[in-house]
Amino acid sequence: MQIANDQKDIMRVITFNVNSLRVRLPVVMECLRLHRPDALCLQETKVQDHDFPKDDFDAEGYNYVFKGEKTYNGVAVISPHEIKNVRFGLAEEPKDSSRLIKADIKGVSIVNTYVPQGAFLESKKYQYKLDWFQRLGRFFKENFEPDEPLVWVGDMNVAPNEADLWNPEGNREHVCFHEDVRKAFSNVVQLGFVDVFRKHCDQPGQYSFWDYRQRGSVERNRGWRLDHILATKPLADKSKSCFIDKQPRLGQRPSDHTPVIAEFDLG
DNA sequence: ATGGTCGGCAACCGA
């Protein structure tokens, strides 16, 4: 069965924090059928490698690369195409192999990241998050040039601007919006990335995450835009659309994140 | 009136 999208110059990329791949597998399969992405980049798969649901992707003719661990984290890239030159994790220890996959698909480099959330401002985890962005910046500088076709996607755990969360005033001290973490993120972006979503949509209130713990957050759209698709300038110039998906429910519980989709015309 | 998040995984931790 041929499941690739039939336009060979089109590159469709999706980022989706699934919060457990095994629980969300029907939603992921529906996402593949609906959008026929060239690269589906997943975060928080929460599955060890020996339990990765290979058979389900094999049955649909997809290739996959993944790195997981017990209980936490986990990333994967799913594609109907050959997945080349795969690397896991950052260059130096701790590599965090279950937070970063680099792979080449259709001549485009893809870096899929699950950035540490950071807990609270005074915690060691927050400092680790700030350092993680610095280390990621070095990873990009060592491996890529700004004129290469490179897509950086994932759950960045940062709302870059006030338009990217429902209550900026009340979240100045939040680990996903504090000025320090926004600066750490923007330092990486400034290596040569364009926010592909913002290239296509300047409206506020466009979110990809709603907190399970806040009653009615979905209904009242009290969300955050934490899941991003960025591209180096030459590739971003070729983007044709970028939008936040309505997650297929399929009678299941939805993830607290929803997919973000971008399309590039490589021709 | 009460109790109201998930997921993983086995008592709580992380988000």
# chains A, B, ... in the order shown; residues from 1 in each chain; ligands from 1

call {"tool": "residues_around", "arguments": {"residues": "Val181 of chain A", "least_positions_apart": "5", "cutoff": "7 Å", "atoms": "only C-alpha atoms (C1' of nucleotides)", "output": "number ranges by chain"}}
result
A: 130, 175-176

call {"tool": "write_last_selection", "arguments": {"atoms": "N, CA and C atoms", "output": "PDB file, in the first residue's frame"}}
result
ATOM      1  N   LEU A 130      17.380  25.698  31.168  1.00  0.00           N
ATOM      2  CA  LEU A 130      18.104  26.835  30.577  1.00  0.00           C
ATOM      3  C   LEU A 130      19.412  26.351  29.944  1.00  0.00           C
ATOM      4  N   VAL A 175       7.797  28.604  34.485  1.00  0.00           N
ATOM      5  CA  VAL A 175       9.010  28.078  33.828  1.00  0.00           C
ATOM      6  C   VAL A 175       8.881  27.998  32.301  1.00  0.00           C
ATOM      7  N   CYS A 176       7.671  28.140  31.784  1.00  0.00           N
ATOM      8  CA  CYS A 176       7.487  28.144  30.326  1.00  0.00           C
ATOM      9  C   CYS A 176       7.277  29.542  29.765  1.00  0.00           C
TER      10      CYS A 176
END

call {"tool": "residues_around", "arguments": {"residues": "DC6 of chain B", "least_positions_apart": "5", "cutoff": "9 Å", "atoms": "only C-alpha atoms (C1' of nucleotides)", "output": "short mmCIF file (atom, residue, chain, number, x, y, z; two decimals) with C-alpha atoms (C1' of nucleotides), in the first residue's frame"}}
result
data_model
loop_
_atom_site.label_atom_id
_atom_site.label_comp_id
_atom_site.auth_asym_id
_atom_site.auth_seq_id
_atom_site.Cartn_x
_atom_site.Cartn_y
_atom_site.Cartn_z
CA ASN A 19 1.64 11.89 26.32
CA TYR A 212 -5.37 18.92 32.29
CA ARG A 213 -5.42 20.31 35.84
CA SER A 255 -3.51 14.33 24.81
CA ASP A 256 -3.06 17.65 26.59
"C1'" DA B 15 3.57 17.51 33.54
#

call {"tool": "select_by_dssp", "arguments": {"residues": "segment 12-255 of chain A", "states": "strand (DSSP E)", "output": "ChimeraX atom specification"}}
result
/A:12-17,39-43,63-67,75-79,84-88,100-105,108-114,150-155,193-195,209-210,223-224,227-232,239-244

call {"tool": "residues_around", "arguments": {"residues": "segment 8-13 of chain B", "least_positions_apart": "3", "cutoff": "12 Å", "atoms": "only C-alpha atoms (C1' of nucleotides)", "output": "list in words"}}
result
Asn19, Ser20, Leu21, Arg22, Val23, Glu44, Thr45, Lys46, Val47, Gln48, Glu69, Lys70, Thr71, Tyr72, Asn73 and Ala119 of chain A

call {"tool": "write_last_selection", "arguments": {"atoms": "C-alpha atoms", "output": "PDB file, in the first residue's frame"}}
result
ATOM      1  CA  ASN A  19       1.641  11.895  26.317  1.00  0.00           C
ATOM      2  CA  SER A  20       1.947   8.093  25.955  1.00  0.00           C
ATOM      3  CA  LEU A  21       2.166   6.592  22.477  1.00  0.00           C
ATOM      4  CA  ARG A  22       0.492   3.360  23.549  1.00  0.00           C
ATOM      5  CA  VAL A  23      -2.598   5.102  24.923  1.00  0.00           C
ATOM      6  CA  GLU A  44       6.527  11.998  25.389  1.00  0.00           C
ATOM      7  CA  THR A  45       6.025   8.553  23.928  1.00  0.00           C
ATOM      8  CA  LYS A  46       6.577   7.121  27.424  1.00  0.00           C
ATOM      9  CA  VAL A  47       7.460   3.733  26.027  1.00  0.00           C
ATOM     10  CA  GLN A  48      10.634   1.699  26.330  1.00  0.00           C
ATOM     11  CA  GLU A  69      12.924   5.057  28.516  1.00  0.00           C
ATOM     12  CA  LYS A  70      10.848   3.803  31.406  1.00  0.00           C
ATOM     13  CA  THR A  71       7.953   6.081  32.449  1.00  0.00           C
ATOM     14  CA  TYR A  72       9.258   9.426  31.152  1.00  0.00           C
ATOM     15  CA  ASN A  73      10.220  11.280  27.962  1.00  0.00           C
ATOM     16  CA  ALA A 119       9.290  22.282  37.301  1.00  0.00           C
TER      17      ALA A 119
END

call {"tool": "select_by_dssp", "arguments": {"residues": "segment 59-183 of chain A", "states": "alpha helix (DSSP H)", "output": "list in words"}}
result
Ala59, Lys124, Lys125, Tyr126, Gln127, Tyr128, Lys129, Leu130, Asp131, Trp132, Phe133, Gln134, Arg135, Leu136, Gly137, Arg138, Phe139, Phe140, Lys141, Glu142, Asn143, Glu179, Asp180, Val181, Arg182 and Lys183 of chain A

call {"tool": "closest_residue", "arguments": {"among": "A:Val153, A:Gln214, A:Asp180, A:Asp58", "to": "Phe16 of chain A", "atoms": "only C-alpha atoms"}}
result
A:Val153

call {"tool": "residues_around", "arguments": {"residues": "Tyr207 of chain A", "least_positions_apart": "5", "cutoff": "7 Å", "atoms": "only C-alpha atoms (C1' of nucleotides)", "output": "list in words"}}
result
Asp164, Gly223, Trp224 and Arg225 of chain A

call {"tool": "write_last_selection", "arguments": {"atoms": "N, CA and C atoms", "output": "short mmCIF file (atom, residue, chain, number, x, y, z; two decimals), in the first residue's frame"}}
result
data_model
loop_
_atom_site.label_atom_id
_atom_site.label_comp_id
_atom_site.auth_asym_id
_atom_site.auth_seq_id
_atom_site.Cartn_x
_atom_site.Cartn_y
_atom_site.Cartn_z
N ASP A 164 1.21 34.11 23.00
CA ASP A 164 1.29 32.66 22.94
C ASP A 164 0.79 31.95 24.20
N GLY A 223 -5.04 28.28 27.08
CA GLY A 223 -3.95 27.40 26.65
C GLY A 223 -2.64 28.12 26.45
N TRP A 224 -1.69 27.37 25.92
CA TRP A 224 -0.34 27.84 25.66
C TRP A 224 0.10 27.34 24.29
N ARG A 225 0.92 28.10 23.59
CA ARG A 225 1.54 27.61 22.36
C ARG A 225 2.97 27.21 22.70
#

call {"tool": "atom_distance", "arguments": {"atom1": "atom CA of Gln206 of chain A", "atom2": "atom CA of Ser241 of chain A"}}
result
14.7 Å

call {"tool": "atom_distance", "arguments": {"atom1": "atom CA of Glu142 of chain A", "atom2": "atom CA of Lys102 of chain A"}}
result
13.2 Å

call {"tool": "residues_around", "arguments": {"residues": "Asn161 of chain A", "least_positions_apart": "3", "cutoff": "10 Å", "atoms": "only C-alpha atoms (C1' of nucleotides)", "output": "PyMOL selection string"}}
result
chain A and resi 158+164-165+168+177+179+182+204+225

call {"tool": "write_last_selection", "arguments": {"atoms": "C-alpha atoms", "output": "PDB file, in the first residue's frame"}}
result
ATOM      1  CA  VAL A 158       8.243  27.778  25.973  1.00  0.00           C
ATOM      2  CA  ASP A 164       1.288  32.658  22.938  1.00  0.00           C
ATOM      3  CA  LEU A 165      -0.484  32.051  26.256  1.00  0.00           C
ATOM      4  CA  PRO A 168       0.786  36.339  30.360  1.00  0.00           C
ATOM      5  CA  PHE A 177       7.161  31.954  30.140  1.00  0.00           C
ATOM      6  CA  GLU A 179      11.882  36.149  30.592  1.00  0.00           C
ATOM      7  CA  ARG A 182      12.139  32.995  26.618  1.00  0.00           C
ATOM      8  CA  PRO A 204      -3.287  35.541  19.432  1.00  0.00           C
ATOM      9  CA  ARG A 225       1.544  27.613  22.361  1.00  0.00           C
TER      10      ARG A 225
END

call {"tool": "closest_residue", "arguments": {"among": "A:Pro146, A:Leu25, A:Asp104, A:Pro53", "to": "Asp38 of chain A", "atoms": "only C-alpha atoms"}}
result
A:Asp104

call {"tool": "atom_distance", "arguments": {"atom1": "atom CA of Leu121 of chain A", "atom2": "atom CA of Glu173 of chain A"}}
result
7.0 Å
